[in-house]
Amino acid sequence: MAVKFGVLVPQGWHLDLQDIPDPVEKYEHMTRFAQEAERLGFDSIWLYDHFHTVPTPEIETTFECWISTAALARDTKNVRIGQMVTCNSYRPPALLAKMASTVDVLSHGRLDFGIGAGWYEHEYNAYGYPYPDGPERLRMLNEALQIFHAMWKEPYATFEGKYYQVNGAINEPKGVQPHIPVWIGGAGEKVTLKLVAKYGDACNIGGTDPAWYKRKFDIVRRHCEDVGRDYNDIIKSAEVFTALLLPGQTPEQATAKGRRDVSKLVGHEVGLEEFVKGGFVGYPPNFVGTPQQAIELYNTLIEAGVDYFIIYLNDLSRLDTLQLFGEEVLPAFR
């Protein structure tokens, strides 16, 4: 399978719309970015499912994920659209399955359904959601995944679980695609990656270390063997934070905004080396370099098993970095 590329659109979560004062213009910039990604040949566009900004909660725009998914699905024509990833705890799973089916129809079958157990505790607390521990959130995700499949396949969906119950739910239309692809986010080896093998069409893991991906994909393979699943049927995707250097730009200049935002979180000025290493809330390890260096990195990750990249670019308030990626990086993989 040829490697594919998706890109996160500016949504506000990473303070990527704070320099645009008008909320309508903020959304229009998000649309222009999505349309330009489509024109450049990206395979997909993606949104985060968060309510508050990161690395700290600010009085700043963060557009809601699923309404934005629906709107961008109508603002674009061919590019696929997904969530990186939906928080299972924020919406009842039967309702979420209904929402996804509707978006699949209005996008003419271009939806990728991203889902995860959730993790951003301050959002749970602020919006009044219970925040159970990690193992319980994963058990809830396990039940939800079964409900999604039932809602998309059965005339009357029924499920009786510890956390969720569905009693003869009718979900029409079920979508345009024969099967809406389920992307499960997370790298937990005992539970999350086993859920990928049982219920997922794709897994998504973040970072820049080939050894990390190789280990995780080997575990996915073993889980597939245990449940009788063909490992090759699962998309192995990587979310890579990419600070692409424009002509004449230094690494310090390319990462200035990201380092400034992270510095607020940790309480000290974050230098380039610390920023590249990553590990901050909402900020995994970062790649910083030229288009050619990006191509070299992605090729090492392909050798480790990655077949789909989801790219978060360093400054989504501008289109030139997106255009540079589309014109100088994408052609190397086509």
# chains A, B, ... in the order shown; residues from 1 in each chain; ligands from 1

call {"tool": "residues_around", "arguments": {"residues": "Val103 in chain A", "least_positions_apart": "2", "cutoff": "8 Å", "atoms": "only C-alpha atoms", "output": "VMD selection string"}}
result
chain A and resid 69 to 70 73 99 to 101 105 to 107 111 175

call {"tool": "write_last_selection", "arguments": {"atoms": "N, CA and C atoms", "output": "mmCIF file, in the first residue's frame"}}
result
data_model
loop_
_atom_site.group_PDB
_atom_site.id
_atom_site.type_symbol
_atom_site.label_atom_id
_atom_site.label_comp_id
_atom_site.auth_asym_id
_atom_site.auth_seq_id
_atom_site.Cartn_x
_atom_site.Cartn_y
_atom_site.Cartn_z
ATOM 1 N N THR A 69 -16.019 19.149 11.866
ATOM 2 C CA THR A 69 -15.895 18.055 10.905
ATOM 3 C C THR A 69 -16.990 18.141 9.853
ATOM 4 N N ALA A 70 -18.220 18.344 10.303
ATOM 5 C CA ALA A 70 -19.340 18.424 9.369
ATOM 6 C C ALA A 70 -19.206 19.628 8.445
ATOM 7 N N ALA A 73 -16.437 19.107 5.948
ATOM 8 C CA ALA A 73 -16.845 18.099 4.971
ATOM 9 C C ALA A 73 -17.641 18.723 3.831
ATOM 10 N N MET A 99 -24.037 10.483 14.822
ATOM 11 C CA MET A 99 -23.370 11.655 14.267
ATOM 12 C C MET A 99 -22.431 11.265 13.131
ATOM 13 N N ALA A 100 -21.651 10.209 13.359
ATOM 14 C CA ALA A 100 -20.684 9.776 12.347
ATOM 15 C C ALA A 100 -21.391 9.320 11.074
ATOM 16 N N SER A 101 -22.479 8.583 11.222
ATOM 17 C CA SER A 101 -23.229 8.138 10.046
ATOM 18 C C SER A 101 -23.733 9.325 9.241
ATOM 19 N N VAL A 105 -22.587 10.569 5.307
ATOM 20 C CA VAL A 105 -23.490 10.858 4.188
ATOM 21 C C VAL A 105 -23.233 12.250 3.626
ATOM 22 N N LEU A 106 -23.172 13.258 4.484
ATOM 23 C CA LEU A 106 -23.030 14.620 3.966
ATOM 24 C C LEU A 106 -21.650 14.882 3.368
ATOM 25 N N SER A 107 -20.661 14.011 3.686
ATOM 26 C CA SER A 107 -19.345 14.113 3.058
ATOM 27 C C SER A 107 -19.238 13.221 1.826
ATOM 28 N N LEU A 111 -15.567 10.047 5.527
ATOM 29 C CA LEU A 111 -15.273 10.113 6.952
ATOM 30 C C LEU A 111 -14.306 9.026 7.398
ATOM 31 N N GLY A 175 -24.660 5.524 6.810
ATOM 32 C CA GLY A 175 -23.492 6.082 6.152
ATOM 33 C C GLY A 175 -23.444 5.629 4.706
#

call {"tool": "residues_around", "arguments": {"residues": "range 185-188 of chain A", "least_positions_apart": "5", "cutoff": "10 Å", "atoms": "only C-alpha atoms", "output": "VMD selection string"}}
result
chain A and resid 83 to 87 114 to 118 138 193 to 196 200 202 to 206 212 to 213 216 to 217 219 to 220 237 to 239

call {"tool": "residues_around", "arguments": {"residues": "Leu324 in chain A", "least_positions_apart": "2", "cutoff": "12 Å", "atoms": "only C-alpha atoms", "output": "number ranges by chain"}}
result
A: 36-37, 40, 243-247, 290-292, 294, 313, 318-322, 326-331

call {"tool": "residues_around", "arguments": {"residues": "Phe309 in chain A", "least_positions_apart": "2", "cutoff": "8 Å", "atoms": "only C-alpha atoms", "output": "JSON, numbers by chain"}}
result
{"A": [3, 4, 5, 6, 237, 238, 239, 240, 306, 307, 311]}

call {"tool": "select_by_dssp", "arguments": {"residues": "range 109-319 of chain A", "states": "alpha helix (DSSP H)", "output": "PyMOL selection string"}}
result
chain A and resi 121-127+134-153+192-199+210-227+251-254+256-266+272-277+291-303

call {"tool": "residues_around", "arguments": {"residues": "range 61-66 of chain A", "least_positions_apart": "6", "cutoff": "6 Å", "atoms": "only C-alpha atoms", "output": "MDAnalysis selection string"}}
result
chainID A and resid 11:13 49 51

call {"tool": "write_last_selection", "arguments": {"atoms": "N, CA and C atoms", "output": "compact mmCIF listing (two decimals), in the first residue's frame"}}
result
# COMPACT_ATOMS: atom_id res chain seq x y z
N GLN A 11 -7.37 24.81 14.40
CA GLN A 11 -8.65 24.69 15.09
C GLN A 11 -8.69 25.53 16.36
N GLY A 12 -7.49 25.96 16.79
CA GLY A 12 -7.40 26.78 17.99
C GLY A 12 -6.79 26.08 19.18
N TRP A 13 -6.81 24.74 19.20
CA TRP A 13 -6.37 24.01 20.39
C TRP A 13 -4.92 24.32 20.74
N ASP A 49 -10.20 16.69 19.16
CA ASP A 49 -11.45 16.76 19.93
C ASP A 49 -11.13 17.30 21.31
N PHE A 51 -11.77 20.98 24.06
CA PHE A 51 -12.60 22.15 24.35
C PHE A 51 -11.79 23.37 24.75

call {"tool": "closest_residue", "arguments": {"among": "A:Ala2, A:Ala157, A:Leu96, A:Ile67", "to": "Phe113 in chain A", "atoms": "only C-alpha atoms"}}
result
A:Leu96

call {"tool": "decode", "arguments": {"residues": "range 154-186 of chain A", "atoms": "N, CA and C atoms", "output": "mmCIF file, in the first residue's frame"}}
result
data_model
loop_
_atom_site.group_PDB
_atom_site.id
_atom_site.type_symbol
_atom_site.label_atom_id
_atom_site.label_comp_id
_atom_site.auth_asym_id
_atom_site.auth_seq_id
_atom_site.Cartn_x
_atom_site.Cartn_y
_atom_site.Cartn_z
ATOM 1 N N GLU A 154 -26.287 -3.256 12.326
ATOM 2 C CA GLU A 154 -27.525 -3.951 12.653
ATOM 3 C C GLU A 154 -28.753 -3.063 12.408
ATOM 4 N N PRO A 155 -29.878 -3.654 11.974
ATOM 5 C CA PRO A 155 -31.114 -2.858 11.823
ATOM 6 C C PRO A 155 -31.558 -2.250 13.150
ATOM 7 N N TYR A 156 -31.445 -3.031 14.214
ATOM 8 C CA TYR A 156 -31.768 -2.568 15.563
ATOM 9 C C TYR A 156 -30.562 -2.884 16.448
ATOM 10 N N ALA A 157 -29.891 -1.860 16.897
ATOM 11 C CA ALA A 157 -28.685 -2.072 17.708
ATOM 12 C C ALA A 157 -29.070 -2.301 19.161
ATOM 13 N N THR A 158 -28.535 -3.372 19.729
ATOM 14 C CA THR A 158 -28.790 -3.698 21.132
ATOM 15 C C THR A 158 -27.458 -4.050 21.791
ATOM 16 N N PHE A 159 -27.245 -3.496 22.970
ATOM 17 C CA PHE A 159 -26.018 -3.793 23.715
ATOM 18 C C PHE A 159 -26.303 -3.583 25.196
ATOM 19 N N GLU A 160 -25.869 -4.516 26.003
ATOM 20 C CA GLU A 160 -26.042 -4.419 27.452
ATOM 21 C C GLU A 160 -24.675 -4.545 28.101
ATOM 22 N N GLY A 161 -24.130 -3.443 28.560
ATOM 23 C CA GLY A 161 -22.816 -3.449 29.176
ATOM 24 C C GLY A 161 -22.866 -2.835 30.557
ATOM 25 N N LYS A 162 -21.708 -2.749 31.191
ATOM 26 C CA LYS A 162 -21.626 -2.141 32.515
ATOM 27 C C LYS A 162 -21.813 -0.634 32.436
ATOM 28 N N TYR A 163 -21.300 -0.020 31.379
ATOM 29 C CA TYR A 163 -21.296 1.441 31.265
ATOM 30 C C TYR A 163 -22.360 1.971 30.304
ATOM 31 N N TYR A 164 -22.687 1.182 29.284
ATOM 32 C CA TYR A 164 -23.608 1.642 28.250
ATOM 33 C C TYR A 164 -24.646 0.571 27.952
ATOM 34 N N GLN A 165 -25.863 1.041 27.657
ATOM 35 C CA GLN A 165 -26.937 0.162 27.225
ATOM 36 C C GLN A 165 -27.623 0.772 26.002
ATOM 37 N N VAL A 166 -27.864 -0.052 25.011
ATOM 38 C CA VAL A 166 -28.589 0.366 23.817
ATOM 39 C C VAL A 166 -29.679 -0.667 23.579
ATOM 40 N N ASN A 167 -30.909 -0.206 23.388
ATOM 41 C CA ASN A 167 -32.050 -1.103 23.328
ATOM 42 C C ASN A 167 -32.824 -0.925 22.032
ATOM 43 N N GLY A 168 -32.399 -1.624 20.999
ATOM 44 C CA GLY A 168 -33.105 -1.579 19.728
ATOM 45 C C GLY A 168 -32.986 -0.244 19.017
ATOM 46 N N ALA A 169 -31.823 0.387 19.092
ATOM 47 C CA ALA A 169 -31.637 1.698 18.471
ATOM 48 C C ALA A 169 -31.620 1.572 16.947
ATOM 49 N N ILE A 170 -32.387 2.410 16.283
ATOM 50 C CA ILE A 170 -32.398 2.479 14.819
ATOM 51 C C ILE A 170 -31.460 3.595 14.394
ATOM 52 N N ASN A 171 -30.538 3.283 13.514
ATOM 53 C CA ASN A 171 -29.585 4.275 13.025
ATOM 54 C C ASN A 171 -29.640 4.291 11.504
ATOM 55 N N GLU A 172 -30.435 5.192 10.974
ATOM 56 C CA GLU A 172 -30.552 5.340 9.523
ATOM 57 C C GLU A 172 -30.404 6.802 9.152
ATOM 58 N N PRO A 173 -29.662 7.109 8.109
ATOM 59 C CA PRO A 173 -28.862 6.175 7.316
ATOM 60 C C PRO A 173 -27.606 5.752 8.082
ATOM 61 N N LYS A 174 -27.030 4.624 7.689
ATOM 62 C CA LYS A 174 -25.852 4.119 8.378
ATOM 63 C C LYS A 174 -24.557 4.680 7.808
ATOM 64 N N GLY A 175 -24.660 5.524 6.810
ATOM 65 C CA GLY A 175 -23.492 6.082 6.152
ATOM 66 C C GLY A 175 -23.444 5.629 4.706
ATOM 67 N N VAL A 176 -22.482 6.169 3.973
ATOM 68 C CA VAL A 176 -22.318 5.842 2.565
ATOM 69 C C VAL A 176 -21.329 4.696 2.380
ATOM 70 N N GLN A 177 -20.257 4.721 3.142
ATOM 71 C CA GLN A 177 -19.247 3.680 3.021
ATOM 72 C C GLN A 177 -19.798 2.351 3.544
ATOM 73 N N PRO A 178 -19.389 1.248 2.931
ATOM 74 C CA PRO A 178 -19.816 -0.047 3.469
ATOM 75 C C PRO A 178 -19.420 -0.220 4.930
ATOM 76 N N HIS A 179 -18.296 0.401 5.297
ATOM 77 C CA HIS A 179 -17.828 0.332 6.672
ATOM 78 C C HIS A 179 -17.040 1.603 6.970
ATOM 79 N N ILE A 180 -17.509 2.429 7.898
ATOM 80 C CA ILE A 180 -16.782 3.636 8.274
ATOM 81 C C ILE A 180 -15.496 3.215 8.976
ATOM 82 N N PRO A 181 -14.323 3.629 8.483
ATOM 83 C CA PRO A 181 -13.060 3.191 9.100
ATOM 84 C C PRO A 181 -12.906 3.745 10.520
ATOM 85 N N VAL A 182 -12.529 2.867 11.434
ATOM 86 C CA VAL A 182 -12.332 3.229 12.839
ATOM 87 C C VAL A 182 -10.840 3.346 13.116
ATOM 88 N N TRP A 183 -10.401 4.556 13.490
ATOM 89 C CA TRP A 183 -9.005 4.819 13.846
ATOM 90 C C TRP A 183 -8.940 4.929 15.367
ATOM 91 N N ILE A 184 -8.153 4.061 15.998
ATOM 92 C CA ILE A 184 -8.037 4.069 17.453
ATOM 93 C C ILE A 184 -6.698 4.688 17.835
ATOM 94 N N GLY A 185 -6.753 5.746 18.640
ATOM 95 C CA GLY A 185 -5.551 6.450 19.046
ATOM 96 C C GLY A 185 -5.024 5.951 20.375
ATOM 97 N N GLY A 186 -3.694 5.854 20.471
ATOM 98 C CA GLY A 186 -3.066 5.455 21.723
ATOM 99 C C GLY A 186 -2.074 4.335 21.512
#
